[in-house]
Amino acid sequence: MNGNRRMTNKKPLLEIKNLSASVAGKEIIKNLSLTIFEGQTHVIMGPNGAGKSTLSHVLTGKPGYEVTSGSITFKGKNLLDLSIDERANEGLFLIMQYPVEIPGVSFMTFLKYALNAKRKYLGLDELSAPEFIKLVQTQAQKLAIDKEMLGRAVNVGFSGGEKKRMETLQMALLKPALSILDEADSGLDIDALKVVSKGINDLDDGKRALLIITHHQDLLEYIKPDFVHVFAGGRIIKTGDKNLALELEAKGYTDFIKEAQC
Amino acid sequence: MLKYLDNIALIGEDIPALAALRQKGKVAFTGLPDKKTEAYKYTPVSSCLKEEMFSKPAHCHTHQDGHCDCEQKHLPFDAYEILFCNGTLHEHFHFCDGLEVSSLLDAVTDHEIGKYINKFELEKFPFAALNTAFLEQGIFLRVFKDIKKPIGLIYHTKQNGFENIHNIVVLEKNVNAEIIEVFEGKNSISLTNVVNEFFVLQNATLTHYKWQNSSPQAVHITLNRVDIKADGKYQSYTLQTGSKLARDETQACLKEQNASAVVNAAYRLSADGLVDTTTDIEHLSPSTASNQIVRGVVDGQAHGVFQGKIHIAPNTFDVSGHQSHKALLLSDDAKIDVKPELEIFADDVQCSHGATSGDLNANELFYLQSRGIDEQTARTVLTSAFLKTAFEDIPNSDIKIFFEELLMG
Ligand SMILES: Nc1ncnc2c1ncn2[C@@H]1O[C@H](COP(=O)(O)OP(=O)(O)O)[C@@H](O)[C@H]1O
Ligand SMILES: [Mg+2]
């Protein structure tokens, strides 16, 4: 279904140019360049510790990550000038590898603040309580999320699969232009994987873009990629199509890394 | 400072019972606490007192129907409201079946009050002794039947000066009642000195809420003295967000079997105020239980103090007493002092206390911001969630919502 996107969508959503970034004084991202157009699905695969999560944190503005050189443009704006919440409200969304537990804050309260923040940013009025509840419950049902879960504290005591479903719910409600999935599929059984990927596919309006970080090509059975990148040592060492993912799964990363070093 | 107290003229000197009580207070009062006073070692009250606080605030103009010209906010839920303006009781009560209300002055002439007033060692509480020496304002409330609506005591302060209030509340056997106190003030340089004496008789339940949001220049001192009889229950939920210096002290005596107390509190300070929560839970009988959850958030140069004592008398058994204090320190200049004390003279006892302090969790903050919530709002969401722990068990849903909204600012 993503067949001819490469040709037709010519509006760059995200442009990363020669990016280097460090954490705790250690350079992790090294001269990385990547452009994502509207409607595209990019996949990043790479060994543990390669810097994939670091990239997702640099993009979303997590404190502690320092950009040492290069630029990032999102929807034509300098992303690095925007605060964490401005980036989110501009349409950047991260499904976290480890969604955070927040005791004492119910999911409903959390979602209400998030949705209203976005609406305020877009110059819209806050939703009324009944409108909000209806919206959330309708979306939750599609993702097989029990009403009772919405009353509980954010992610507290949730299983890995439940957490990822709740992340997908947030994504569905916030309708981001670019979603980054950081190992969204790790720790999911096959049913949960189906629910999450269906939830993600349902959001496809032809414009929304995805950056999927994964170790497994299972997820790619459900969400078809336009590009697959091999990520090692803080940069992209090879780019291909979905067959590259199959090849990687079969052979492992070692050969690719060796090849890139030659 | 004390010399200014002579400026304060009292009414009722001609009532012998009142004069006698005041005389007792004068004898018991040996001066204001200072650095050497152990019970006030973290709370330098003397340094916060100002000359302006030692005068009698002028009466406000009251209309025939009991209303005055002071700006008044009512409680956002249905309640019986009793109003104090600048420390003076407005004698316009809404009575209902099973509730007897009178001013303290009227009650003193009634000899029944002798059974209920100053039923504790005045000498141990300097501000309570001072309170007795200046006894005049306050209410005497007796509850004979379940009261469906909360009884609101609204203390509205606009003027500088000394507000000295003594309330007595008696819950007769098997009765349930709720009291909510709200202290509000804007810019006044005032000293509010409250003594509440609560008598919870057999199988009665008193739920006591308090929101202290006095002026940032005010000093606020409260002593809650609670006597709980067999199967009686006292549960209090206190939120403090105001004052230059505020001390909320509770001494609860679990006098008979199966008496229980919940003494929960939260405080949030952002400027340079001090809030002191001091509790003394006295387990004097077998099968008594107490629980305390105290949460604080201090920012700026604010200072939180928690002193919690659990005393378990000899020859008691099957007693449980639990206490937890946690605080968030949001700036380098903010400060917390904590002094838990367990005095256990019995064996069959379950006791615990815990105290920790820390900063907001950076991952939680990032998570909220990454969903579009601005930093200020995200911080408020997290701090109010933290403080809310103290109010989780509030039985009245209107008041629970009221408190949760107060926590969100
Ligand atoms: N906050 C941090 N402090 C110190 N080192 C970090 C931090 N975050 C990531 N790193 C280091 O950066 C490297 C890349 O980590 P990460 O981006 O999580 O890799 P990946 O997601 O590809 O497995 C690792 O060596 C990791 O230890
Ligand atoms: Mg990772």
# chains A, B, ... in the order shown; residues from 1 in each chain; ligands from 1
$ interface_residues --of "chain B" --to "chain A" --cutoff "9 Å" --atoms "only C-alpha atoms" --output "PyMOL selection string"
chain B and resi 362-364+366-375+377-378+381-382+384-389
$ residues_around --residues "Ser197 of chain A" --least-positions-apart "4" --cutoff "9 Å" --atoms "only C-alpha atoms" --output "mmCIF file with N, CA, C and O atoms, in the first residue's frame"
data_model
loop_
_atom_site.group_PDB
_atom_site.id
_atom_site.type_symbol
_atom_site.label_atom_id
_atom_site.label_comp_id
_atom_site.auth_asym_id
_atom_site.auth_seq_id
_atom_site.Cartn_x
_atom_site.Cartn_y
_atom_site.Cartn_z
ATOM 1 N N THR A 168 0.104 3.661 21.868
ATOM 2 C CA THR A 168 -0.584 3.751 20.585
ATOM 3 C C THR A 168 -1.854 4.591 20.699
ATOM 4 O O THR A 168 -2.193 5.349 19.796
ATOM 5 N N ASP A 185 7.828 -2.897 19.384
ATOM 6 C CA ASP A 185 7.431 -4.303 19.279
ATOM 7 C C ASP A 185 8.129 -5.210 20.283
ATOM 8 O O ASP A 185 7.734 -6.354 20.467
ATOM 9 N N ALA A 192 -0.668 -8.813 20.682
ATOM 10 C CA ALA A 192 -0.449 -7.410 21.023
ATOM 11 C C ALA A 192 0.207 -6.696 19.843
ATOM 12 O O ALA A 192 -0.128 -5.556 19.523
ATOM 13 N N LEU A 193 1.124 -7.396 19.182
ATOM 14 C CA LEU A 193 1.799 -6.818 18.021
ATOM 15 C C LEU A 193 0.791 -6.458 16.926
ATOM 16 O O LEU A 193 0.863 -5.388 16.320
ATOM 17 N N ASN A 201 -1.583 1.502 11.674
ATOM 18 C CA ASN A 201 -2.034 1.562 10.271
ATOM 19 C C ASN A 201 -3.343 2.334 10.109
ATOM 20 O O ASN A 201 -3.548 3.017 9.112
ATOM 21 N N ASP A 202 -4.218 2.216 11.122
ATOM 22 C CA ASP A 202 -5.493 2.929 11.055
ATOM 23 C C ASP A 202 -5.304 4.436 10.985
ATOM 24 O O ASP A 202 -6.192 5.164 10.575
ATOM 25 N N LEU A 219 7.338 -7.000 12.872
ATOM 26 C CA LEU A 219 6.493 -5.821 12.812
ATOM 27 C C LEU A 219 6.293 -5.378 11.372
ATOM 28 O O LEU A 219 5.246 -4.857 11.003
ATOM 29 N N TYR A 222 3.430 -6.268 9.239
ATOM 30 C CA TYR A 222 2.182 -5.518 9.388
ATOM 31 C C TYR A 222 2.300 -4.078 8.905
ATOM 32 O O TYR A 222 1.357 -3.499 8.429
ATOM 33 N N ILE A 223 3.460 -3.482 9.134
ATOM 34 C CA ILE A 223 3.654 -2.101 8.682
ATOM 35 C C ILE A 223 4.738 -2.119 7.615
ATOM 36 O O ILE A 223 5.887 -2.457 7.892
#
$ residues_around --residues "Glu247 of chain A" --least-positions-apart "2" --cutoff "12 Å" --atoms "only C-alpha atoms" --output "short mmCIF file (atom, residue, chain, number, x, y, z; two decimals) with N, CA, C and O atoms, in the first residue's frame"
data_model
loop_
_atom_site.label_atom_id
_atom_site.label_comp_id
_atom_site.auth_asym_id
_atom_site.auth_seq_id
_atom_site.Cartn_x
_atom_site.Cartn_y
_atom_site.Cartn_z
N MET A 45 17.42 -0.41 11.82
CA MET A 45 17.78 -1.63 12.53
C MET A 45 19.26 -1.53 12.87
O MET A 45 20.04 -0.98 12.10
N HIS A 216 13.38 -6.66 14.98
CA HIS A 216 12.72 -7.81 14.37
C HIS A 216 11.98 -7.38 13.13
O HIS A 216 11.39 -6.31 13.09
N GLN A 217 11.96 -8.28 12.17
CA GLN A 217 11.23 -7.88 10.99
C GLN A 217 9.74 -8.27 11.07
O GLN A 217 8.96 -7.91 10.22
N VAL A 228 14.74 0.73 4.62
CA VAL A 228 15.33 0.10 5.80
C VAL A 228 16.78 0.57 5.88
O VAL A 228 17.52 0.49 4.89
N HIS A 229 17.16 1.09 7.04
CA HIS A 229 18.52 1.57 7.24
C HIS A 229 19.22 0.69 8.27
O HIS A 229 18.63 0.33 9.27
N VAL A 230 20.48 0.38 7.98
CA VAL A 230 21.29 -0.30 8.99
C VAL A 230 22.06 0.78 9.75
O VAL A 230 22.73 1.62 9.16
N GLY A 240 18.38 0.24 2.29
CA GLY A 240 17.78 -0.61 1.26
C GLY A 240 16.27 -0.63 1.43
O GLY A 240 15.70 0.23 2.11
N ASP A 241 15.61 -1.64 0.84
CA ASP A 241 14.17 -1.76 1.02
C ASP A 241 13.86 -2.87 2.01
O ASP A 241 14.75 -3.33 2.73
N LYS A 242 12.63 -3.37 2.02
CA LYS A 242 12.26 -4.32 3.07
C LYS A 242 13.03 -5.64 3.01
O LYS A 242 13.15 -6.34 4.01
N ASN A 243 13.59 -5.92 1.87
CA ASN A 243 14.39 -7.14 1.77
C ASN A 243 15.65 -7.07 2.62
O ASN A 243 16.16 -8.08 3.10
N LEU A 244 16.13 -5.84 2.83
CA LEU A 244 17.30 -5.66 3.68
C LEU A 244 16.99 -6.11 5.11
O LEU A 244 17.84 -6.69 5.79
N ALA A 245 15.76 -5.87 5.55
CA ALA A 245 15.36 -6.29 6.89
C ALA A 245 15.41 -7.81 7.00
O ALA A 245 15.88 -8.36 8.00
N GLU A 249 17.88 -9.94 9.45
CA GLU A 249 17.36 -10.89 10.42
C GLU A 249 18.05 -12.25 10.23
O GLU A 249 18.36 -12.94 11.19
N ALA A 250 18.29 -12.60 9.00
CA ALA A 250 18.91 -13.89 8.71
C ALA A 250 20.40 -13.90 9.03
O ALA A 250 20.90 -14.85 9.64
N LYS A 251 21.11 -12.86 8.64
CA LYS A 251 22.58 -12.90 8.76
C LYS A 251 23.17 -12.21 9.99
O LYS A 251 24.33 -12.43 10.31
N GLY A 252 22.37 -11.36 10.64
CA GLY A 252 22.92 -10.57 11.75
C GLY A 252 23.61 -9.34 11.22
O GLY A 252 23.73 -9.14 10.00
N TYR A 253 24.06 -8.51 12.20
CA TYR A 253 24.62 -7.22 11.80
C TYR A 253 26.10 -7.27 11.43
O TYR A 253 26.61 -6.42 10.71
N THR A 254 26.80 -8.27 11.94
CA THR A 254 28.27 -8.27 11.88
C THR A 254 28.84 -8.05 10.48
O THR A 254 29.72 -7.21 10.29
N ASP A 255 28.30 -8.78 9.52
CA ASP A 255 28.82 -8.68 8.16
C ASP A 255 28.69 -7.27 7.59
O ASP A 255 29.60 -6.74 6.97
N PHE A 256 27.52 -6.67 7.89
CA PHE A 256 27.27 -5.32 7.37
C PHE A 256 28.25 -4.33 7.97
O PHE A 256 28.75 -3.44 7.31
#
$ residues_near_ligand --ligand "ligand 1" --cutoff "10 Å" --atoms "only C-alpha atoms and all ligand atoms" --output "ChimeraX atom specification"
/A:22-29,44-58,62-65,97,182-183,213-215,231-234
$ atom_distance --atom1 "atom CA of Val275 of chain B" --atom2 "atom CA of Ser188 of chain B"
17.7 Å
$ residues_around --residues "segment 7-18 of chain B" --least-positions-apart "6" --cutoff "7 Å" --atoms "only C-alpha atoms" --output "PyMOL selection string"
chain B and resi 55-56+108-109+136
$ atom_distance --atom1 "atom CA of Leu59 of chain A" --atom2 "atom CA of Gly161 of chain A"
24.5 Å
$ residues_around --residues "Ser287 of chain B" --least-positions-apart "3" --cutoff "10 Å" --atoms "only C-alpha atoms" --output "PyMOL selection string"
chain B and resi 230-231+254+256-260+283-284+316-320+348-349
$ closest_residue --among "A:Phe37, A:Asp218, A:Ser71, A:Ile257" --to "Lys17 of chain A" --atoms "only C-alpha atoms"
A:Ser71
$ closest_residue --among "B:Ile310, B:Leu75, B:Ala289, B:Val305" --to "Ile180 of chain B" --atoms "only C-alpha atoms"
B:Leu75
$ select_by_dssp --residues "segment 114-341 of chain B" --states "strand (DSSP E or B)" --output "JSON, numbers by chain"
{"B": [137, 139, 140, 141, 142, 143, 151, 152, 153, 154, 155, 156, 157, 161, 162, 163, 164, 165, 166, 167, 168, 169, 170, 171, 176, 177, 178, 179, 180, 181, 182, 183, 184, 185, 190, 191, 192, 193, 194, 195, 196, 197, 198, 199, 200, 205, 206, 207, 208, 209, 210, 211, 212, 213, 219, 220, 221, 222, 223, 224, 225, 226, 227, 228, 233, 234, 235, 236, 237, 238, 239, 240, 245, 246, 247, 248, 249, 250, 251, 252, 253, 254, 260, 261, 262, 263, 264, 265, 266, 267, 268, 269, 274, 275, 276, 277, 278, 279, 280, 281, 282, 283, 289, 290, 291, 292, 293, 294, 295, 296, 297, 298, 303, 304, 305, 306, 307, 308, 309, 310, 311, 312, 319, 320, 321, 322, 323, 324, 325, 326, 327, 328, 329, 335, 336, 337, 338, 339, 340, 341]}
$ residues_around --residues "Leu406 of chain B" --least-positions-apart "4" --cutoff "12 Å" --atoms "only C-alpha atoms" --output "PyMOL selection string"
chain B and resi 76+182+210-213+238-241+266-268+380-381+383-385+387-388+391+399-402
$ residues_around --residues "Ile154 of chain B" --least-positions-apart "3" --cutoff "12 Å" --atoms "only C-alpha atoms" --output "JSON, numbers by chain"
{"B": [72, 73, 74, 75, 79, 80, 81, 82, 83, 84, 85, 86, 87, 88, 89, 90, 138, 151, 157, 179, 180, 181, 182, 183, 184, 185, 209, 210, 211, 212, 213, 214]}
$ select_by_dssp --residues "segment 103-326 of chain B" --states "helix (DSSP H, G or I)" --output "ChimeraX atom specification"
/B:104-109,111-115,122-124,126-133
$ atom_distance --atom1 "atom CA of Pro126 of chain B" --atom2 "atom CA of Ala20 of chain B"
18.1 Å
$ closest_residue --among "A:Leu181, A:Lys194, A:Gly199, A:Leu210" --to "ligand 2" --atoms "only C-alpha atoms and all ligand atoms"
A:Leu181
$ decode --residues "segment 170-183 of chain B" --atoms "all heavy atoms" --output "PDB file, in the first residue's frame"
ATOM      1  N   VAL B 170     -18.137  19.074  70.108  1.00  0.00           N
ATOM      2  CA  VAL B 170     -18.440  17.814  70.793  1.00  0.00           C
ATOM      3  C   VAL B 170     -19.329  16.965  69.898  1.00  0.00           C
ATOM      4  O   VAL B 170     -20.397  17.407  69.478  1.00  0.00           O
ATOM      5  CB  VAL B 170     -19.161  18.068  72.141  1.00  0.00           C
ATOM      6  CG1 VAL B 170     -19.396  16.753  72.863  1.00  0.00           C
ATOM      7  CG2 VAL B 170     -18.364  19.037  73.000  1.00  0.00           C
ATOM      8  N   LEU B 171     -18.863  15.776  69.571  1.00  0.00           N
ATOM      9  CA  LEU B 171     -19.701  14.830  68.837  1.00  0.00           C
ATOM     10  C   LEU B 171     -20.228  13.805  69.824  1.00  0.00           C
ATOM     11  O   LEU B 171     -19.450  13.042  70.403  1.00  0.00           O
ATOM     12  CB  LEU B 171     -18.886  14.108  67.748  1.00  0.00           C
ATOM     13  CG  LEU B 171     -19.046  14.651  66.332  1.00  0.00           C
ATOM     14  CD1 LEU B 171     -18.437  16.040  66.253  1.00  0.00           C
ATOM     15  CD2 LEU B 171     -18.386  13.723  65.324  1.00  0.00           C
ATOM     16  N   GLU B 172     -21.528  13.825  70.030  1.00  0.00           N
ATOM     17  CA  GLU B 172     -22.114  12.862  70.959  1.00  0.00           C
ATOM     18  C   GLU B 172     -22.025  11.454  70.359  1.00  0.00           C
ATOM     19  O   GLU B 172     -21.676  11.277  69.202  1.00  0.00           O
ATOM     20  CB  GLU B 172     -23.565  13.251  71.260  1.00  0.00           C
ATOM     21  CG  GLU B 172     -23.718  14.617  71.923  1.00  0.00           C
ATOM     22  CD  GLU B 172     -23.117  14.694  73.346  1.00  0.00           C
ATOM     23  OE1 GLU B 172     -22.943  13.636  73.984  1.00  0.00           O
ATOM     24  OE2 GLU B 172     -22.816  15.822  73.811  1.00  0.00           O
ATOM     25  N   LYS B 173     -22.368  10.460  71.183  1.00  0.00           N
ATOM     26  CA  LYS B 173     -22.234   9.057  70.770  1.00  0.00           C
ATOM     27  C   LYS B 173     -22.904   8.768  69.415  1.00  0.00           C
ATOM     28  O   LYS B 173     -23.982   9.277  69.140  1.00  0.00           O
ATOM     29  CB  LYS B 173     -22.892   8.144  71.812  1.00  0.00           C
ATOM     30  CG  LYS B 173     -22.126   8.074  73.110  1.00  0.00           C
ATOM     31  CD  LYS B 173     -22.861   7.185  74.103  1.00  0.00           C
ATOM     32  CE  LYS B 173     -22.184   7.287  75.453  1.00  0.00           C
ATOM     33  NZ  LYS B 173     -22.922   6.587  76.501  1.00  0.00           N
ATOM     34  N   ASN B 174     -22.240   7.928  68.609  1.00  0.00           N
ATOM     35  CA  ASN B 174     -22.799   7.387  67.358  1.00  0.00           C
ATOM     36  C   ASN B 174     -23.072   8.434  66.276  1.00  0.00           C
ATOM     37  O   ASN B 174     -23.841   8.171  65.359  1.00  0.00           O
ATOM     38  CB  ASN B 174     -24.113   6.639  67.613  1.00  0.00           C
ATOM     39  CG  ASN B 174     -23.956   5.562  68.653  1.00  0.00           C
ATOM     40  OD1 ASN B 174     -22.937   4.857  68.657  1.00  0.00           O
ATOM     41  ND2 ASN B 174     -24.909   5.451  69.541  1.00  0.00           N
ATOM     42  N   VAL B 175     -22.479   9.588  66.398  1.00  0.00           N
ATOM     43  CA  VAL B 175     -22.788  10.667  65.470  1.00  0.00           C
ATOM     44  C   VAL B 175     -21.668  10.843  64.441  1.00  0.00           C
ATOM     45  O   VAL B 175     -20.500  10.623  64.740  1.00  0.00           O
ATOM     46  CB  VAL B 175     -23.009  11.967  66.291  1.00  0.00           C
ATOM     47  CG1 VAL B 175     -22.691  13.185  65.483  1.00  0.00           C
ATOM     48  CG2 VAL B 175     -24.420  12.016  66.840  1.00  0.00           C
ATOM     49  N   ASN B 176     -22.044  11.182  63.212  1.00  0.00           N
ATOM     50  CA  ASN B 176     -21.051  11.488  62.179  1.00  0.00           C
ATOM     51  C   ASN B 176     -21.160  12.947  61.784  1.00  0.00           C
ATOM     52  O   ASN B 176     -22.269  13.433  61.554  1.00  0.00           O
ATOM     53  CB  ASN B 176     -21.313  10.673  60.904  1.00  0.00           C
ATOM     54  CG  ASN B 176     -21.122   9.196  61.148  1.00  0.00           C
ATOM     55  OD1 ASN B 176     -20.014   8.760  61.415  1.00  0.00           O
ATOM     56  ND2 ASN B 176     -22.212   8.451  61.091  1.00  0.00           N
ATOM     57  N   ALA B 177     -20.033  13.609  61.685  1.00  0.00           N
ATOM     58  CA  ALA B 177     -20.067  14.998  61.222  1.00  0.00           C
ATOM     59  C   ALA B 177     -18.759  15.344  60.520  1.00  0.00           C
ATOM     60  O   ALA B 177     -17.727  14.701  60.737  1.00  0.00           O
ATOM     61  CB  ALA B 177     -20.299  15.944  62.389  1.00  0.00           C
ATOM     62  N   GLU B 178     -18.856  16.360  59.660  1.00  0.00           N
ATOM     63  CA  GLU B 178     -17.675  16.836  58.941  1.00  0.00           C
ATOM     64  C   GLU B 178     -17.508  18.326  59.184  1.00  0.00           C
ATOM     65  O   GLU B 178     -18.487  19.080  59.110  1.00  0.00           O
ATOM     66  CB  GLU B 178     -17.845  16.623  57.438  1.00  0.00           C
ATOM     67  CG  GLU B 178     -17.847  15.175  57.022  1.00  0.00           C
ATOM     68  CD  GLU B 178     -17.873  15.027  55.510  1.00  0.00           C
ATOM     69  OE1 GLU B 178     -18.760  15.630  54.883  1.00  0.00           O
ATOM     70  OE2 GLU B 178     -17.004  14.330  54.979  1.00  0.00           O
ATOM     71  N   ILE B 179     -16.291  18.731  59.441  1.00  0.00           N
ATOM     72  CA  ILE B 179     -16.007  20.158  59.628  1.00  0.00           C
ATOM     73  C   ILE B 179     -14.932  20.548  58.623  1.00  0.00           C
ATOM     74  O   ILE B 179     -13.955  19.819  58.445  1.00  0.00           O
ATOM     75  CB  ILE B 179     -15.498  20.414  61.057  1.00  0.00           C
ATOM     76  CG1 ILE B 179     -16.663  20.232  62.022  1.00  0.00           C
ATOM     77  CG2 ILE B 179     -14.891  21.811  61.199  1.00  0.00           C
ATOM     78  CD1 ILE B 179     -16.359  20.598  63.426  1.00  0.00           C
ATOM     79  N   ILE B 180     -15.131  21.652  57.957  1.00  0.00           N
ATOM     80  CA  ILE B 180     -14.070  22.144  57.076  1.00  0.00           C
ATOM     81  C   ILE B 180     -13.716  23.574  57.456  1.00  0.00           C
ATOM     82  O   ILE B 180     -14.576  24.449  57.505  1.00  0.00           O
ATOM     83  CB  ILE B 180     -14.426  21.990  55.575  1.00  0.00           C
ATOM     84  CG1 ILE B 180     -13.318  22.617  54.709  1.00  0.00           C
ATOM     85  CG2 ILE B 180     -15.802  22.555  55.228  1.00  0.00           C
ATOM     86  CD1 ILE B 180     -13.326  22.162  53.270  1.00  0.00           C
ATOM     87  N   GLU B 181     -12.442  23.770  57.751  1.00  0.00           N
ATOM     88  CA  GLU B 181     -11.952  25.110  58.096  1.00  0.00           C
ATOM     89  C   GLU B 181     -11.200  25.680  56.903  1.00  0.00           C
ATOM     90  O   GLU B 181     -10.368  24.987  56.299  1.00  0.00           O
ATOM     91  CB  GLU B 181     -10.971  25.030  59.258  1.00  0.00           C
ATOM     92  CG  GLU B 181     -11.564  24.592  60.576  1.00  0.00           C
ATOM     93  CD  GLU B 181     -10.523  24.707  61.684  1.00  0.00           C
ATOM     94  OE1 GLU B 181      -9.630  23.839  61.759  1.00  0.00           O
ATOM     95  OE2 GLU B 181     -10.591  25.667  62.455  1.00  0.00           O
ATOM     96  N   VAL B 182     -11.488  26.925  56.584  1.00  0.00           N
ATOM     97  CA  VAL B 182     -10.752  27.591  55.505  1.00  0.00           C
ATOM     98  C   VAL B 182     -10.215  28.912  56.043  1.00  0.00           C
ATOM     99  O   VAL B 182     -10.977  29.747  56.537  1.00  0.00           O
ATOM    100  CB  VAL B 182     -11.653  27.841  54.276  1.00  0.00           C
ATOM    101  CG1 VAL B 182     -10.910  28.661  53.224  1.00  0.00           C
ATOM    102  CG2 VAL B 182     -12.117  26.517  53.680  1.00  0.00           C
ATOM    103  N   PHE B 183      -8.909  29.076  55.986  1.00  0.00           N
ATOM    104  CA  PHE B 183      -8.275  30.324  56.405  1.00  0.00           C
ATOM    105  C   PHE B 183      -7.797  31.047  55.167  1.00  0.00           C
ATOM    106  O   PHE B 183      -6.969  30.518  54.419  1.00  0.00           O
ATOM    107  CB  PHE B 183      -7.066  30.044  57.306  1.00  0.00           C
ATOM    108  CG  PHE B 183      -7.442  29.455  58.639  1.00  0.00           C
ATOM    109  CD1 PHE B 183      -7.603  28.076  58.775  1.00  0.00           C
ATOM    110  CD2 PHE B 183      -7.626  30.253  59.751  1.00  0.00           C
ATOM    111  CE1 PHE B 183      -7.946  27.516  59.999  1.00  0.00           C
ATOM    112  CE2 PHE B 183      -7.974  29.703  60.978  1.00  0.00           C
ATOM    113  CZ  PHE B 183      -8.133  28.336  61.103  1.00  0.00           C
TER     114      PHE B 183
END
